[in-house]
$ cat input36.pdb   # PDB, C-alpha atoms
ATOM      1  CA  MET A   1      45.805 -11.141 -11.484  1.00  0.00           C
ATOM      2  CA  LYS A   2      45.759  -7.668 -10.013  1.00  0.00           C
ATOM      3  CA  GLY A   3      42.740  -6.489  -8.101  1.00  0.00           C
ATOM      4  CA  LYS A   4      40.704  -7.409  -5.048  1.00  0.00           C
ATOM      5  CA  TYR A   5      38.911 -10.749  -5.063  1.00  0.00           C
ATOM      6  CA  ILE A   6      36.269 -12.223  -2.768  1.00  0.00           C
ATOM      7  CA  THR A   7      34.591 -15.604  -2.386  1.00  0.00           C
ATOM      8  CA  ILE A   8      30.829 -15.982  -2.371  1.00  0.00           C
ATOM      9  CA  THR A   9      29.466 -18.851  -0.285  1.00  0.00           C
ATOM     10  CA  GLY A  10      26.171 -20.005   1.180  1.00  0.00           C
ATOM     11  CA  MET A  11      24.470 -20.287  -2.208  1.00  0.00           C
ATOM     12  CA  ARG A  12      22.930 -23.644  -1.276  1.00  0.00           C
ATOM     13  CA  TYR A  13      20.679 -21.835   1.201  1.00  0.00           C
ATOM     14  CA  TYR A  14      19.208 -19.716  -1.595  1.00  0.00           C
ATOM     15  CA  TYR A  15      19.262 -20.594  -5.320  1.00  0.00           C
ATOM     16  CA  GLY A  16      22.402 -22.693  -5.631  1.00  0.00           C
ATOM     17  CA  LEU A  17      24.738 -21.874  -8.498  1.00  0.00           C
ATOM     18  CA  ALA A  18      21.868 -21.151 -10.926  1.00  0.00           C
ATOM     19  CA  PRO A  19      22.178 -17.313 -10.792  1.00  0.00           C
ATOM     20  CA  PHE A  20      25.946 -17.346 -11.379  1.00  0.00           C
ATOM     21  CA  ALA A  21      27.864 -17.249 -14.668  1.00  0.00           C
ATOM     22  CA  ILE A  22      31.362 -16.126 -15.605  1.00  0.00           C
ATOM     23  CA  GLY A  23      31.333 -12.382 -16.314  1.00  0.00           C
ATOM     24  CA  LYS A  24      28.024 -11.729 -14.543  1.00  0.00           C
ATOM     25  CA  LYS A  25      27.939  -8.811 -12.093  1.00  0.00           C
ATOM     26  CA  PHE A  26      26.242  -8.688  -8.700  1.00  0.00           C
ATOM     27  CA  GLN A  27      25.701  -6.096  -6.019  1.00  0.00           C
ATOM     28  CA  CYS A  28      27.125  -6.647  -2.543  1.00  0.00           C
ATOM     29  CA  ILE A  29      25.612  -4.845   0.439  1.00  0.00           C
ATOM     30  CA  LYS A  30      27.061  -4.586   3.932  1.00  0.00           C
ATOM     31  CA  GLU A  31      24.686  -5.992   6.537  1.00  0.00           C
ATOM     32  CA  PRO A  32      25.750  -4.515   9.912  1.00  0.00           C
ATOM     33  CA  SER A  33      22.534  -5.636  11.632  1.00  0.00           C
ATOM     34  CA  ASN A  34      23.205  -9.306  10.826  1.00  0.00           C
ATOM     35  CA  PRO A  35      22.763 -11.169  14.145  1.00  0.00           C
ATOM     36  CA  TYR A  36      25.584 -13.633  13.382  1.00  0.00           C
ATOM     37  CA  ASP A  37      28.299 -11.381  11.935  1.00  0.00           C
ATOM     38  CA  ASP A  38      28.559  -7.584  12.126  1.00  0.00           C
ATOM     39  CA  GLU A  39      30.908  -7.654   9.096  1.00  0.00           C
ATOM     40  CA  ALA A  40      28.450  -9.660   6.988  1.00  0.00           C
ATOM     41  CA  ILE A  41      28.122  -8.702   3.331  1.00  0.00           C
ATOM     42  CA  LYS A  42      25.196 -10.144   1.390  1.00  0.00           C
ATOM     43  CA  VAL A  43      25.222 -10.689  -2.355  1.00  0.00           C
ATOM     44  CA  VAL A  44      22.005  -9.780  -4.143  1.00  0.00           C
ATOM     45  CA  MET A  45      20.504 -10.201  -7.583  1.00  0.00           C
ATOM     46  CA  LYS A  46      17.613  -8.159  -8.850  1.00  0.00           C
ATOM     47  CA  PRO A  47      14.747  -9.105  -8.725  1.00  0.00           C
ATOM     48  CA  ILE A  48      15.178 -12.272  -6.618  1.00  0.00           C
ATOM     49  CA  GLY A  49      17.162 -10.803  -3.716  1.00  0.00           C
ATOM     50  CA  LYS A  50      19.821 -12.493  -1.593  1.00  0.00           C
ATOM     51  CA  ILE A  51      21.811 -15.227  -3.335  1.00  0.00           C
ATOM     52  CA  GLY A  52      24.759 -15.680  -0.956  1.00  0.00           C
ATOM     53  CA  TYR A  53      27.310 -13.997   1.294  1.00  0.00           C
ATOM     54  CA  VAL A  54      30.922 -12.891   1.022  1.00  0.00           C
ATOM     55  CA  ALA A  55      32.908 -15.579   2.849  1.00  0.00           C
ATOM     56  CA  ASN A  56      34.245 -14.447   6.206  1.00  0.00           C
ATOM     57  CA  SER A  57      36.293 -17.346   7.534  1.00  0.00           C
ATOM     58  CA  THR A  58      39.344 -19.337   6.520  1.00  0.00           C
ATOM     59  CA  TYR A  59      37.073 -22.373   6.158  1.00  0.00           C
ATOM     60  CA  THR A  60      34.759 -20.798   3.595  1.00  0.00           C
ATOM     61  CA  LYS A  61      36.931 -18.405   1.569  1.00  0.00           C
ATOM     62  CA  ALA A  62      39.185 -19.522  -1.256  1.00  0.00           C
ATOM     63  CA  ASN A  63      42.940 -19.001  -0.902  1.00  0.00           C
ATOM     64  CA  GLY A  64      44.025 -15.695  -2.398  1.00  0.00           C
ATOM     65  CA  THR A  65      40.679 -13.972  -1.806  1.00  0.00           C
ATOM     66  CA  LEU A  66      39.740 -11.458   0.870  1.00  0.00           C
ATOM     67  CA  SER A  67      37.274 -12.255   3.637  1.00  0.00           C
ATOM     68  CA  ALA A  68      34.310  -9.983   4.331  1.00  0.00           C
ATOM     69  CA  GLY A  69      36.205  -8.643   7.341  1.00  0.00           C
ATOM     70  CA  ARG A  70      39.259  -7.759   5.231  1.00  0.00           C
ATOM     71  CA  ILE A  71      37.350  -6.049   2.408  1.00  0.00           C
ATOM     72  CA  HIS A  72      34.766  -4.394   4.703  1.00  0.00           C
ATOM     73  CA  ASP A  73      36.709  -1.159   5.323  1.00  0.00           C
ATOM     74  CA  GLN A  74      37.936  -0.880   1.714  1.00  0.00           C
ATOM     75  CA  VAL A  75      34.518  -0.689   0.057  1.00  0.00           C
ATOM     76  CA  LYS A  76      31.395   1.449   0.278  1.00  0.00           C
ATOM     77  CA  LYS A  77      28.132   0.188   1.788  1.00  0.00           C
ATOM     78  CA  LYS A  78      27.205  -1.125  -1.668  1.00  0.00           C
ATOM     79  CA  PHE A  79      29.704  -2.374  -4.216  1.00  0.00           C
ATOM     80  CA  VAL A  80      29.783  -4.447  -7.396  1.00  0.00           C
ATOM     81  CA  VAL A  81      31.610  -7.712  -8.107  1.00  0.00           C
ATOM     82  CA  LYS A  82      32.140  -9.666 -11.319  1.00  0.00           C
ATOM     83  CA  VAL A  83      32.290 -13.476 -11.417  1.00  0.00           C
ATOM     84  CA  VAL A  84      35.654 -14.837 -12.603  1.00  0.00           C
ATOM     85  CA  LEU A  85      35.542 -18.475 -11.433  1.00  0.00           C
ATOM     86  CA  ILE A  86      32.903 -20.950 -10.280  1.00  0.00           C
ATOM     87  CA  THR A  87      33.630 -24.157  -8.357  1.00  0.00           C
ATOM     88  CA  GLU A  88      31.353 -26.763  -6.817  1.00  0.00           C
ATOM     89  CA  ASP A  89      30.738 -24.695  -3.677  1.00  0.00           C
ATOM     90  CA  LYS A  90      32.377 -21.303  -4.216  1.00  0.00           C
ATOM     91  CA  VAL A  91      32.115 -18.377  -6.588  1.00  0.00           C
ATOM     92  CA  ILE A  92      35.209 -16.182  -6.962  1.00  0.00           C
ATOM     93  CA  CYS A  93      34.583 -12.562  -7.910  1.00  0.00           C
ATOM     94  CA  LYS A  94      36.641  -9.473  -8.602  1.00  0.00           C
ATOM     95  CA  VAL A  95      35.523  -6.223  -6.972  1.00  0.00           C
ATOM     96  CA  VAL A  96      34.911  -3.901  -9.920  1.00  0.00           C
ATOM     97  CA  LYS A  97      33.099  -0.907  -8.434  1.00  0.00           C
ATOM     98  CA  GLY A  98      32.558   0.701  -5.056  1.00  0.00           C
ATOM     99  CA  PHE A  99      35.982   1.194  -3.508  1.00  0.00           C
ATOM    100  CA  LYS A 100      36.314   3.949  -0.930  1.00  0.00           C
ATOM    101  CA  LYS A 101      38.538   6.849  -1.899  1.00  0.00           C
ATOM    102  CA  GLY A 102      41.839   7.157  -0.106  1.00  0.00           C
TER     103      GLY A 102
END

$ encode --input "input36.pdb" --output "structure tokens"
Amino acid sequence: MKGKYITITGMRYYYGLAPFAIGKKFQCIKEPSNPYDDEAIKVVMKPIGKIGYVANSTYTKANGTLSAGRIHDQVKKKFVVKVVLITEDKVICKVVKGFKKG
């Protein structure tokens, strides 16, 4: 599978897996003012808001996906991902829009 993939985690703190379905698209927004992680990237769904975060550690990201820190400089402030796989505690997405030029 060619492309850039990320893992979404932290859903249990928001709406669980309910908002997610294979093929559904979500907006990701860099969150530089996050007090816990200056590379944080939140995942949002209109109209409910934040539904998770792009995983940023080896403990939370799935093998073969990029962490928030790795993808951070490759994408614009806002970018779009598409769900390709859902597990019990992770959602794997392909970045489909919002790459920086270069």

$ residues_around --input "input36.pdb" --residues "stretch 7-10 of chain A" --least-positions-apart "4" --cutoff "10 Å" --atoms "only C-alpha atoms" --output "number ranges by chain"
A: 14-17, 41-43, 51-56, 60-68, 83, 85-86, 89-94

$ resolve_selection --input "input36.pdb" --expression "the PyMOL selection byres ((chain A and resi 22-25) around 6)" --output "list in words"
Ala21, Phe26, Val81, Lys82, Val83 and Val84 of chain A

$ axis_aligned_box --input "input36.pdb" --around "stretch 59-69 of chain A" --padding-each-side "5 Å" --output "JSON"
{"center_x": 39.2, "center_y": -15.5, "center_z": 2.5, "size_x": 19.7, "size_y": 23.7, "size_z": 19.7}

$ closest_residue --input "input36.pdb" --among "A:Cys28, A:Phe20, A:Lys50, A:Pro35" --to "A:Phe99" --atoms "only C-alpha atoms"
A:Cys28

$ atom_distance --input "input36.pdb" --atom1 "atom CA of A:Pro47" --atom2 "atom CA of A:Tyr59"
29.9 Å

$ resolve_selection --input "input36.pdb" --expression "the PyMOL selection byres ((chain A and resi 4) around 6)" --output "short mmCIF file (atom, residue, chain, number, x, y, z; two decimals) with C-alpha atoms, keeping the file's coordinate frame"
data_model
loop_
_atom_site.label_atom_id
_atom_site.label_comp_id
_atom_site.auth_asym_id
_atom_site.auth_seq_id
_atom_site.Cartn_x
_atom_site.Cartn_y
_atom_site.Cartn_z
CA GLY A 3 42.74 -6.49 -8.10
CA TYR A 5 38.91 -10.75 -5.06
CA LYS A 94 36.64 -9.47 -8.60
CA VAL A 95 35.52 -6.22 -6.97
#

$ atom_distance --input "input36.pdb" --atom1 "atom CA of A:Lys76" --atom2 "atom CA of A:Val44"
15.3 Å

$ atom_distance --input "input36.pdb" --atom1 "atom CA of A:Met11" --atom2 "atom CA of A:Ser57"
15.6 Å

$ resolve_selection --input "input36.pdb" --expression "the PyMOL selection byres ((chain A and resi 39) around 9)" --output "number ranges by chain"
A: 30-34, 37-38, 40-41, 56, 68-69, 72

$ decode --input "input36.pdb" --residues "stretch 62-88 of chain A" --atoms "N, CA and C atoms" --output "tab-separated table (two decimals), in the first residue's frame"
chain	number	residue	atom	x	y	z
A	62	ALA	N	0.28	2.21	15.35
A	62	ALA	CA	0.37	0.88	14.76
A	62	ALA	C	1.64	0.79	13.92
A	63	ASN	N	2.23	-0.40	13.87
A	63	ASN	CA	3.42	-0.62	13.03
A	63	ASN	C	3.10	-0.26	11.59
A	64	GLY	N	4.04	0.41	10.93
A	64	GLY	CA	3.86	0.78	9.54
A	64	GLY	C	3.18	2.12	9.33
A	65	THR	N	2.77	2.78	10.43
A	65	THR	CA	2.17	4.10	10.32
A	65	THR	C	3.13	5.15	10.86
A	66	LEU	N	2.91	6.39	10.47
A	66	LEU	CA	3.76	7.49	10.92
A	66	LEU	C	3.19	8.12	12.19
A	67	SER	N	4.08	8.51	13.08
A	67	SER	CA	3.66	9.21	14.30
A	67	SER	C	3.34	10.66	13.94
A	68	ALA	N	2.71	11.37	14.86
A	68	ALA	CA	2.42	12.79	14.64
A	68	ALA	C	3.72	13.55	14.40
A	69	GLY	N	4.77	13.21	15.12
A	69	GLY	CA	6.05	13.88	14.96
A	69	GLY	C	6.66	13.66	13.58
A	70	ARG	N	6.46	12.47	13.02
A	70	ARG	CA	7.02	12.14	11.70
A	70	ARG	C	6.24	12.81	10.56
A	71	ILE	N	4.93	12.89	10.70
A	71	ILE	CA	4.11	13.45	9.62
A	71	ILE	C	4.01	14.97	9.73
A	72	HIS	N	4.29	15.51	10.91
A	72	HIS	CA	4.09	16.93	11.23
A	72	HIS	C	4.66	17.88	10.18
A	73	ASP	N	5.88	17.67	9.74
A	73	ASP	CA	6.53	18.57	8.79
A	73	ASP	C	6.17	18.28	7.33
A	74	GLN	N	5.44	17.20	7.08
A	74	GLN	CA	5.08	16.82	5.72
A	74	GLN	C	3.70	17.33	5.30
A	75	VAL	N	2.92	17.79	6.28
A	75	VAL	CA	1.55	18.21	6.00
A	75	VAL	C	1.31	19.66	6.41
A	76	LYS	N	0.26	20.23	5.84
A	76	LYS	CA	-0.15	21.59	6.18
A	76	LYS	C	-0.78	21.61	7.57
A	77	LYS	N	-1.13	22.80	8.04
A	77	LYS	CA	-1.75	22.93	9.37
A	77	LYS	C	-3.01	22.08	9.47
A	78	LYS	N	-3.77	22.02	8.39
A	78	LYS	CA	-4.97	21.18	8.32
A	78	LYS	C	-4.80	20.22	7.16
A	79	PHE	N	-5.16	18.96	7.40
A	79	PHE	CA	-5.10	17.97	6.34
A	79	PHE	C	-6.20	16.94	6.52
A	80	VAL	N	-6.44	16.13	5.51
A	80	VAL	CA	-7.55	15.20	5.50
A	80	VAL	C	-7.04	13.76	5.45
A	81	VAL	N	-7.68	12.89	6.26
A	81	VAL	CA	-7.34	11.47	6.26
A	81	VAL	C	-8.60	10.66	5.98
A	82	LYS	N	-8.37	9.45	5.46
A	82	LYS	CA	-9.47	8.53	5.14
A	82	LYS	C	-9.25	7.22	5.89
A	83	VAL	N	-10.26	6.74	6.57
A	83	VAL	CA	-10.17	5.52	7.36
A	83	VAL	C	-10.03	4.30	6.45
A	84	VAL	N	-9.00	3.47	6.74
A	84	VAL	CA	-8.79	2.24	5.97
A	84	VAL	C	-8.90	0.99	6.82
A	85	LEU	N	-8.75	1.12	8.14
A	85	LEU	CA	-8.81	-0.04	9.03
A	85	LEU	C	-9.19	0.40	10.44
A	86	ILE	N	-10.03	-0.38	11.08
A	86	ILE	CA	-10.43	-0.09	12.46
A	86	ILE	C	-10.17	-1.33	13.31
A	87	THR	N	-9.47	-1.14	14.44
A	87	THR	CA	-9.26	-2.23	15.39
A	87	THR	C	-9.97	-1.86	16.69
A	88	GLU	N	-9.76	-2.65	17.69
A	88	GLU	CA	-10.39	-2.43	19.00
A	88	GLU	C	-10.02	-1.08	19.62
